[in-house]
Structure formats: C-alpha cells, structure tokens
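Chemist: Next up, input.txt (compact mmCIF, C-alpha atoms).
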```txt
# COMPACT_ATOMS: atom_id res chain seq x y z
CA MET A 1 89.36 134.25 117.37
CA THR A 2 85.70 135.13 117.43
CA GLU A 3 83.69 136.54 120.27
CA VAL A 4 81.96 133.21 120.77
CA GLY A 5 85.29 131.41 121.03
CA VAL A 6 86.52 133.89 123.61
CA LEU A 7 83.30 133.45 125.60
CA TRP A 8 83.67 129.66 125.53
CA ILE A 9 87.28 129.81 126.70
CA THR A 10 86.40 132.33 129.42
CA GLY A 11 83.47 130.19 130.54
CA LEU A 12 85.59 127.03 130.66
CA LEU A 13 88.28 128.79 132.63
CA SER A 14 85.69 130.14 135.10
CA VAL A 15 84.09 126.73 135.60
CA SER A 16 87.52 125.11 135.97
CA ALA A 17 88.51 127.70 138.57
CA ILE A 18 85.26 127.15 140.49
CA ILE A 19 85.80 123.38 140.55
CA ALA A 20 89.56 123.44 141.14
CA SER A 21 89.77 126.06 143.89
CA PRO A 22 88.25 123.92 146.70
CA LEU A 23 90.36 120.96 145.64
CA ILE A 24 93.52 123.06 145.66
CA THR A 25 92.53 124.50 149.03
CA LEU A 26 92.08 121.01 150.50
CA TRP A 27 95.39 119.87 149.06
CA VAL A 28 97.22 122.89 150.54
CA GLN A 29 95.49 122.42 153.90
CA ARG A 30 96.51 118.76 154.08
CA ARG A 31 100.09 119.60 153.19
CA LEU A 32 100.17 122.22 155.95
CA GLU A 33 98.66 119.81 158.49
CA SER A 34 101.12 117.10 157.50
CA SER A 35 104.02 119.51 157.84
CA LYS A 36 102.75 120.69 161.24
CA ALA A 37 102.34 117.10 162.49
CA ARG A 38 105.85 116.21 161.33
CA ARG A 39 107.25 119.26 163.09
CA GLU A 40 105.42 118.31 166.30
CA ARG A 41 106.79 114.75 166.21
CA ARG A 42 110.30 116.09 165.68
CA GLU A 43 109.80 118.55 168.53
CA GLN A 44 108.71 115.70 170.82
CA ILE A 45 111.87 113.78 170.03
CA PHE A 46 114.04 116.84 170.60
CA LYS A 47 112.35 117.68 173.91
CA ALA A 48 112.63 114.10 175.19
CA LEU A 49 116.34 114.10 174.37
CA TRP A 50 116.82 117.61 175.76
CA VAL A 51 115.14 116.91 179.08
CA ASN A 52 117.00 113.62 179.55
CA ARG A 53 120.47 114.79 178.54
CA ARG A 54 122.04 113.35 181.70
CA ARG A 55 119.92 110.20 181.88
CA GLN A 56 121.61 107.94 179.32
CA PHE A 57 119.48 104.87 179.88
CA TYR A 58 116.14 106.51 180.61
CA ILE A 59 113.34 104.92 178.58
CA ALA A 60 112.02 108.19 177.11
CA ARG A 61 115.51 109.05 175.86
CA VAL A 62 116.06 105.63 174.31
CA ASP A 63 112.62 105.71 172.66
CA ALA A 64 113.33 109.16 171.23
CA LEU A 65 116.71 108.04 169.89
CA ASN A 66 115.09 105.07 168.19
CA MET A 67 112.63 107.36 166.35
CA ILE A 68 115.34 109.53 164.78
CA ASP A 69 115.78 107.30 161.71
CA VAL A 70 112.06 107.62 160.92
CA GLU A 71 111.26 111.21 161.82
CA PHE A 72 114.48 112.76 160.52
CA TYR A 73 114.70 110.62 157.39
CA GLY A 74 116.50 112.63 154.73
CA GLU A 75 118.17 114.98 157.23
CA ARG A 76 121.68 113.73 156.52
CA LYS A 77 123.51 115.59 159.31
CA VAL A 78 121.06 114.38 161.97
CA VAL A 79 121.13 110.79 160.76
CA ASP A 80 124.94 110.82 160.56
CA ALA A 81 125.23 112.21 164.10
CA TRP A 82 122.84 109.53 165.37
CA GLU A 83 124.78 106.77 163.56
CA ASP A 84 128.01 108.05 165.13
CA LEU A 85 126.49 108.02 168.62
CA ARG A 86 124.84 104.63 168.10
CA SER A 87 128.14 103.08 166.96
CA HIS A 88 129.75 104.49 170.10
CA TYR A 89 127.06 102.81 172.23
CA PHE A 90 127.59 99.45 170.52
CA ARG A 91 131.37 99.54 170.54
CA GLN A 92 132.62 97.04 173.13
CA GLU A 93 136.20 98.25 173.24
CA HIS A 94 137.41 101.81 173.64
CA PRO A 95 141.20 101.36 173.50
CA GLY A 96 143.19 103.72 175.67
CA LEU A 97 140.14 105.33 177.28
CA ASN A 98 138.99 105.04 180.87
CA ASN A 99 135.31 105.20 181.88
CA ASP A 100 135.34 108.97 182.41
CA GLN A 101 136.83 109.54 178.95
CA ILE A 102 134.30 107.20 177.36
CA PHE A 103 131.48 109.07 179.11
CA ALA A 104 132.88 112.45 177.98
CA GLU A 105 133.19 111.24 174.39
CA ARG A 106 129.63 109.91 174.48
CA GLU A 107 128.33 113.21 175.88
CA GLU A 108 130.11 115.10 173.11
CA LYS A 109 128.54 112.89 170.45
CA PHE A 110 125.13 113.28 172.08
CA ALA A 111 125.57 117.09 172.15
CA THR A 112 126.44 116.98 168.44
CA LEU A 113 123.25 115.02 167.73
CA LEU A 114 121.12 117.51 169.68
CA TYR A 115 122.88 120.36 167.92
CA GLU A 116 122.06 118.94 164.48
CA ILE A 117 118.42 118.36 165.48
CA SER A 118 118.20 121.89 166.87
CA GLN A 119 119.48 123.27 163.57
CA VAL A 120 116.76 121.42 161.64
CA LEU A 121 114.13 122.78 164.06
CA GLY A 122 115.47 126.32 163.87
CA TYR A 123 116.91 126.67 167.37
CA ALA A 124 120.12 128.65 167.83
CA PHE A 125 121.83 126.45 170.42
CA GLY A 126 125.54 125.79 170.43
CA ARG A 127 127.13 122.42 171.20
CA THR A 128 128.68 123.73 174.41
CA GLN A 129 125.37 125.16 175.60
CA ILE A 130 123.65 121.86 174.89
CA ARG A 131 126.33 119.84 176.65
CA ASP A 132 126.94 122.07 179.69
CA ASN A 133 123.78 124.10 180.46
CA ILE A 134 121.96 121.46 182.45
CA TYR A 135 120.40 121.72 185.87
CA ARG A 136 120.45 118.29 187.48
CA PRO A 137 120.81 118.20 191.25
CA GLN A 138 122.98 115.44 192.69
CA LEU A 139 119.88 114.17 194.48
CA HIS A 140 118.41 113.15 191.10
CA ASN A 141 121.49 111.04 190.39
CA THR A 142 121.20 109.50 193.85
CA VAL A 143 117.51 108.71 193.35
CA ASP A 144 118.22 107.13 189.94
CA GLU A 145 120.98 104.99 191.47
CA MET A 146 118.70 103.95 194.36
CA GLU A 147 115.91 103.03 191.96
CA LEU A 148 118.24 100.90 189.85
CA GLU A 149 119.71 99.21 192.91
CA THR A 150 116.25 98.54 194.37
CA ARG A 151 114.98 97.06 191.12
CA THR A 152 118.10 94.92 190.79
CA ARG A 153 117.81 93.62 194.35
CA VAL A 154 114.10 92.85 194.02
CA LEU A 155 114.74 91.02 190.75
CA ASN A 156 117.57 89.02 192.31
CA LEU A 157 115.39 88.22 195.29
CA MET A 158 112.55 87.03 193.08
CA ARG A 159 114.93 84.84 191.07
CA SER A 160 116.49 83.26 194.13
CA ASP A 161 115.14 80.71 196.56
CA ALA A 162 115.57 83.08 199.48
CA LEU A 163 111.84 83.53 199.87
CA PRO A 164 110.24 80.21 199.05
CA VAL A 165 106.50 80.47 198.81
CA ARG A 166 104.42 77.45 199.62
CA PHE A 167 100.68 77.16 199.80
CA VAL A 168 99.31 74.99 202.59
CA GLU A 169 95.79 74.01 203.34
CA GLY A 170 94.62 75.38 206.62
CA PRO A 171 91.54 74.89 208.69
CA ALA A 172 88.27 75.90 207.09
CA ALA A 173 86.93 79.27 208.04
CA PRO A 174 84.39 79.04 210.86
CA ALA A 175 80.77 79.43 209.83
CA LEU A 176 79.25 82.76 210.65
CA GLN A 177 76.83 82.60 213.52
CA GLU A 178 73.61 84.49 213.41
CA THR A 179 73.31 87.28 215.93
CA PRO A 180 70.08 88.19 217.69
CA LEU A 181 69.84 91.26 215.43
CA ASP A 182 69.98 89.04 212.32
CA GLN A 183 67.23 86.85 213.78
CA GLN A 184 64.98 89.88 214.37
CA ARG A 185 65.33 90.99 210.74
CA ALA A 186 64.35 87.55 209.44
```
Could you quickly redo this structure as structure tokens?
Modeler:
Amino acid sequence: MTEVGVLWITGLLSVSAIIASPLITLWVQRRLESSKARRERREQIFKALWVNRRRQFYIARVDALNMIDVEFYGERKVVDAWEDLRSHYFRQEHPGLNNDQIFAEREEKFATLLYEISQVLGYAFGRTQIRDNIYRPQLHNTVDEMELETRTRVLNLMRSDALPVRFVEGPAAPALQETPLDQQRA
C-alpha cells in the first residue's frame, strides 16, 4: 500500500471517529438512563410491597403487585413467585386449612416474592427476615379495621332508605332592608 492510500485510510478513520463518537456517547447515555429508570421503577415496586407487608389489601400494595408482570418481565423467578401468590389469592377453596393456616401460607408466598425481587435488586435479605422483621403496632391494625368498618357502614347507610332526603320549597328569603348607614353612602 502506498503512502497516499495509508493517508486516505487514516483520514477516513479519523473523520469516522469524529462523527461516530458523539453518536456512540448519546447511545450509551440513553442506555444508562433507561437502565436507571427501570431500576427506579423496580425499586418503587419493591418499597411499596416492603412497607405494606402486613396490609394485604392496601391499594399501594395491590398496585405494586399488578406492575410486577411489566417491570420484572423476563425475571423468571420473580414472575413465577408472583404467579404462585396470585393463584393463592384467586383460589376459592383451601382444603384442610383454617383461616390462620391460609394466612400463614399466603405470607410465606409473599415473602418468597419479596425475596426474589430483592435478589434481582441486589439486596441480601432472607425469606425469614422479610416475613418476620416487621414493626407494625397493634394500633395500626385497629385503625385499619376501624376505617374499613366505618367505610362499610357509611356505604350501607347511603344505600339504605334510613336517611331519606327530600327537598321542600320553603318560604322565600326576606329582602334585605337598607340600614341608615347604607342610605348615607348612597
């Protein structure tokens, strides 16, 4: 190869590098941002589930559970753990189990789900730690029960005829009389 050929190749490579480097930088930056955003969404789901471990029917927990299929798509162990828990929720019959045993089984499946999510996110939690290390004062359970009972009673009251509401026409409001002060201003 001649000197001119080498110069041409060197020049083309230099120009290509000058053009390609910002494009590659943008591509890498977008990949990093996408990865960071995905991690943050997964973290939000994990934190919502973590905080509400003892609140089975709390809206934030249910919403987080429903996002698992999307945000952990491709994470087979997480999706399998969620499918196992979901099937437990939908099962009508639990032969040979009383309510306490059903609750314990459900909590174990939920702990397994949180464990699998924690593994994907890089946390070193164990299933027992997830299931048992919870601070939830009895007062919180009492408040949740009171809120549910209050909402149920208000709903039942609104649905019933116990408080019939009827609009009646009453006397017209009396006309406002002018006071001496109003007359002075006029």
Chemist: So what do you get for atom CA of A:Arg136 versus atom CA of A:Arg54, distance-wise?
Modeler: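 Computing the Euclidean distance for atom CA of A:Arg136 and atom CA of A:Arg54 yields 7.8 Å.
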Chemist: Box for stretch 99-114 of chain A - axis-aligned, 8 Å on each of the six sides, all listed atoms - centre and size in Å to one decimal, as lines of an AutoDock Vina configuration file.
Modeler:
```
center_x = 129.0
center_y = 111.4
center_z = 175.1
size_x = 31.7
size_y = 28.3
size_z = 30.7
```
Chemist: Taking 3 positions as the minimum chain separation for residues in the same chain, which residues sit within 12 Å of stretch 83-91 of chain A when counting all atoms listed in the file? Answer as an MDAnalysis selection string.
Modeler: chainID A and resid 56:57 62 65:66 68:69 76:80 94:95 102:114
Chemist: Calculate how many Å separate atom CA of A:Trp27 from atom CA of A:Thr10, rounding to one decimal.
Modeler: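 For atom CA of A:Trp27 relative to atom CA of A:Thr10, the distance reads 24.9 Å.
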Chemist: Find the distance between atom CA of A:Glu71 and atom CA of A:Arg38 and write it in Å to one decimal.
Modeler: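 The value is 7.4 Å.
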Chemist: Missing atoms in stretch 133-144 of chain A: can you complete it with all heavy atoms, as a PDB file, in the coordinates of the input?
Modeler:
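Saved as out.pdb:
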```
ATOM      1  N   ASN A 133     124.839 123.346 179.765  1.00  0.00           N
ATOM      2  CA  ASN A 133     123.780 124.100 180.460  1.00  0.00           C
ATOM      3  C   ASN A 133     122.656 123.166 180.891  1.00  0.00           C
ATOM      4  O   ASN A 133     121.581 123.148 180.312  1.00  0.00           O
ATOM      5  CB  ASN A 133     123.230 125.219 179.580  1.00  0.00           C
ATOM      6  CG  ASN A 133     124.196 126.360 179.454  1.00  0.00           C
ATOM      7  OD1 ASN A 133     125.263 126.360 180.051  1.00  0.00           O
ATOM      8  ND2 ASN A 133     123.828 127.349 178.680  1.00  0.00           N
ATOM      9  N   ILE A 134     122.930 122.419 181.938  1.00  0.00           N
ATOM     10  CA  ILE A 134     121.960 121.460 182.450  1.00  0.00           C
ATOM     11  C   ILE A 134     121.845 121.652 183.957  1.00  0.00           C
ATOM     12  O   ILE A 134     122.859 121.743 184.652  1.00  0.00           O
ATOM     13  CB  ILE A 134     122.419 120.003 182.162  1.00  0.00           C
ATOM     14  CG1 ILE A 134     122.532 119.769 180.666  1.00  0.00           C
ATOM     15  CG2 ILE A 134     121.473 119.002 182.795  1.00  0.00           C
ATOM     16  CD1 ILE A 134     123.140 118.444 180.291  1.00  0.00           C
ATOM     17  N   TYR A 135     120.629 121.702 184.429  1.00  0.00           N
ATOM     18  CA  TYR A 135     120.400 121.720 185.870  1.00  0.00           C
ATOM     19  C   TYR A 135     119.942 120.333 186.284  1.00  0.00           C
ATOM     20  O   TYR A 135     118.868 119.882 185.907  1.00  0.00           O
ATOM     21  CB  TYR A 135     119.344 122.760 186.253  1.00  0.00           C
ATOM     22  CG  TYR A 135     118.983 122.700 187.716  1.00  0.00           C
ATOM     23  CD1 TYR A 135     119.930 123.016 188.686  1.00  0.00           C
ATOM     24  CD2 TYR A 135     117.720 122.313 188.119  1.00  0.00           C
ATOM     25  CE1 TYR A 135     119.616 122.948 190.023  1.00  0.00           C
ATOM     26  CE2 TYR A 135     117.394 122.245 189.460  1.00  0.00           C
ATOM     27  CZ  TYR A 135     118.346 122.561 190.410  1.00  0.00           C
ATOM     28  OH  TYR A 135     118.030 122.496 191.742  1.00  0.00           O
ATOM     29  N   ARG A 136     120.787 119.628 186.977  1.00  0.00           N
ATOM     30  CA  ARG A 136     120.450 118.290 187.480  1.00  0.00           C
ATOM     31  C   ARG A 136     121.078 118.148 188.849  1.00  0.00           C
ATOM     32  O   ARG A 136     122.271 117.877 188.975  1.00  0.00           O
ATOM     33  CB  ARG A 136     120.967 117.212 186.542  1.00  0.00           C
ATOM     34  CG  ARG A 136     120.634 115.807 187.050  1.00  0.00           C
ATOM     35  CD  ARG A 136     120.515 114.821 185.920  1.00  0.00           C
ATOM     36  NE  ARG A 136     120.431 113.472 186.378  1.00  0.00           N
ATOM     37  CZ  ARG A 136     119.286 112.856 186.692  1.00  0.00           C
ATOM     38  NH1 ARG A 136     118.166 113.505 186.596  1.00  0.00           N
ATOM     39  NH2 ARG A 136     119.280 111.611 187.093  1.00  0.00           N
ATOM     40  N   PRO A 137     120.269 118.328 189.888  1.00  0.00           N
ATOM     41  CA  PRO A 137     120.810 118.200 191.250  1.00  0.00           C
ATOM     42  C   PRO A 137     121.371 116.803 191.494  1.00  0.00           C
ATOM     43  O   PRO A 137     120.887 115.825 190.919  1.00  0.00           O
ATOM     44  CB  PRO A 137     119.596 118.446 192.148  1.00  0.00           C
ATOM     45  CG  PRO A 137     118.595 119.133 191.279  1.00  0.00           C
ATOM     46  CD  PRO A 137     118.864 118.669 189.884  1.00  0.00           C
ATOM     47  N   GLN A 138     122.368 116.721 192.360  1.00  0.00           N
ATOM     48  CA  GLN A 138     122.980 115.440 192.690  1.00  0.00           C
ATOM     49  C   GLN A 138     121.938 114.484 193.257  1.00  0.00           C
ATOM     50  O   GLN A 138     122.021 113.274 193.049  1.00  0.00           O
ATOM     51  CB  GLN A 138     124.132 115.643 193.698  1.00  0.00           C
ATOM     52  CG  GLN A 138     124.843 114.356 194.076  1.00  0.00           C
ATOM     53  CD  GLN A 138     125.438 113.624 192.880  1.00  0.00           C
ATOM     54  OE1 GLN A 138     125.973 114.237 191.978  1.00  0.00           O
ATOM     55  NE2 GLN A 138     125.340 112.309 192.875  1.00  0.00           N
ATOM     56  N   LEU A 139     120.933 115.019 193.918  1.00  0.00           N
ATOM     57  CA  LEU A 139     119.880 114.170 194.480  1.00  0.00           C
ATOM     58  C   LEU A 139     119.191 113.345 193.388  1.00  0.00           C
ATOM     59  O   LEU A 139     118.852 112.191 193.608  1.00  0.00           O
ATOM     60  CB  LEU A 139     118.841 115.031 195.211  1.00  0.00           C
ATOM     61  CG  LEU A 139     117.662 114.270 195.809  1.00  0.00           C
ATOM     62  CD1 LEU A 139     118.143 113.269 196.867  1.00  0.00           C
ATOM     63  CD2 LEU A 139     116.661 115.234 196.406  1.00  0.00           C
ATOM     64  N   HIS A 140     119.028 113.908 192.200  1.00  0.00           N
ATOM     65  CA  HIS A 140     118.410 113.150 191.100  1.00  0.00           C
ATOM     66  C   HIS A 140     119.278 111.956 190.716  1.00  0.00           C
ATOM     67  O   HIS A 140     118.759 110.869 190.440  1.00  0.00           O
ATOM     68  CB  HIS A 140     118.189 114.046 189.884  1.00  0.00           C
ATOM     69  CG  HIS A 140     117.047 114.984 190.056  1.00  0.00           C
ATOM     70  ND1 HIS A 140     116.416 115.576 189.005  1.00  0.00           N
ATOM     71  CD2 HIS A 140     116.403 115.423 191.166  1.00  0.00           C
ATOM     72  CE1 HIS A 140     115.442 116.344 189.453  1.00  0.00           C
ATOM     73  NE2 HIS A 140     115.430 116.278 190.748  1.00  0.00           N
ATOM     74  N   ASN A 141     120.590 112.165 190.680  1.00  0.00           N
ATOM     75  CA  ASN A 141     121.490 111.040 190.390  1.00  0.00           C
ATOM     76  C   ASN A 141     121.374 109.978 191.473  1.00  0.00           C
ATOM     77  O   ASN A 141     121.332 108.781 191.175  1.00  0.00           O
ATOM     78  CB  ASN A 141     122.943 111.516 190.279  1.00  0.00           C
ATOM     79  CG  ASN A 141     123.159 112.406 189.074  1.00  0.00           C
ATOM     80  OD1 ASN A 141     122.460 112.307 188.083  1.00  0.00           O
ATOM     81  ND2 ASN A 141     124.130 113.288 189.172  1.00  0.00           N
ATOM     82  N   THR A 142     121.318 110.422 192.730  1.00  0.00           N
ATOM     83  CA  THR A 142     121.200 109.500 193.850  1.00  0.00           C
ATOM     84  C   THR A 142     119.899 108.702 193.765  1.00  0.00           C
ATOM     85  O   THR A 142     119.894 107.485 193.952  1.00  0.00           O
ATOM     86  CB  THR A 142     121.266 110.268 195.190  1.00  0.00           C
ATOM     87  OG1 THR A 142     122.486 111.011 195.231  1.00  0.00           O
ATOM     88  CG2 THR A 142     121.202 109.324 196.373  1.00  0.00           C
ATOM     89  N   VAL A 143     118.802 109.381 193.462  1.00  0.00           N
ATOM     90  CA  VAL A 143     117.510 108.710 193.350  1.00  0.00           C
ATOM     91  C   VAL A 143     117.535 107.692 192.198  1.00  0.00           C
ATOM     92  O   VAL A 143     117.033 106.569 192.339  1.00  0.00           O
ATOM     93  CB  VAL A 143     116.367 109.733 193.162  1.00  0.00           C
ATOM     94  CG1 VAL A 143     115.071 109.065 192.754  1.00  0.00           C
ATOM     95  CG2 VAL A 143     116.175 110.538 194.439  1.00  0.00           C
ATOM     96  N   ASP A 144     118.116 108.067 191.068  1.00  0.00           N
ATOM     97  CA  ASP A 144     118.220 107.130 189.940  1.00  0.00           C
ATOM     98  C   ASP A 144     119.042 105.895 190.325  1.00  0.00           C
ATOM     99  O   ASP A 144     118.679 104.765 189.985  1.00  0.00           O
ATOM    100  CB  ASP A 144     118.843 107.804 188.726  1.00  0.00           C
ATOM    101  CG  ASP A 144     117.879 108.728 188.000  1.00  0.00           C
ATOM    102  OD1 ASP A 144     116.666 108.675 188.291  1.00  0.00           O
ATOM    103  OD2 ASP A 144     118.349 109.495 187.135  1.00  0.00           O
TER     104      ASP A 144
END
```
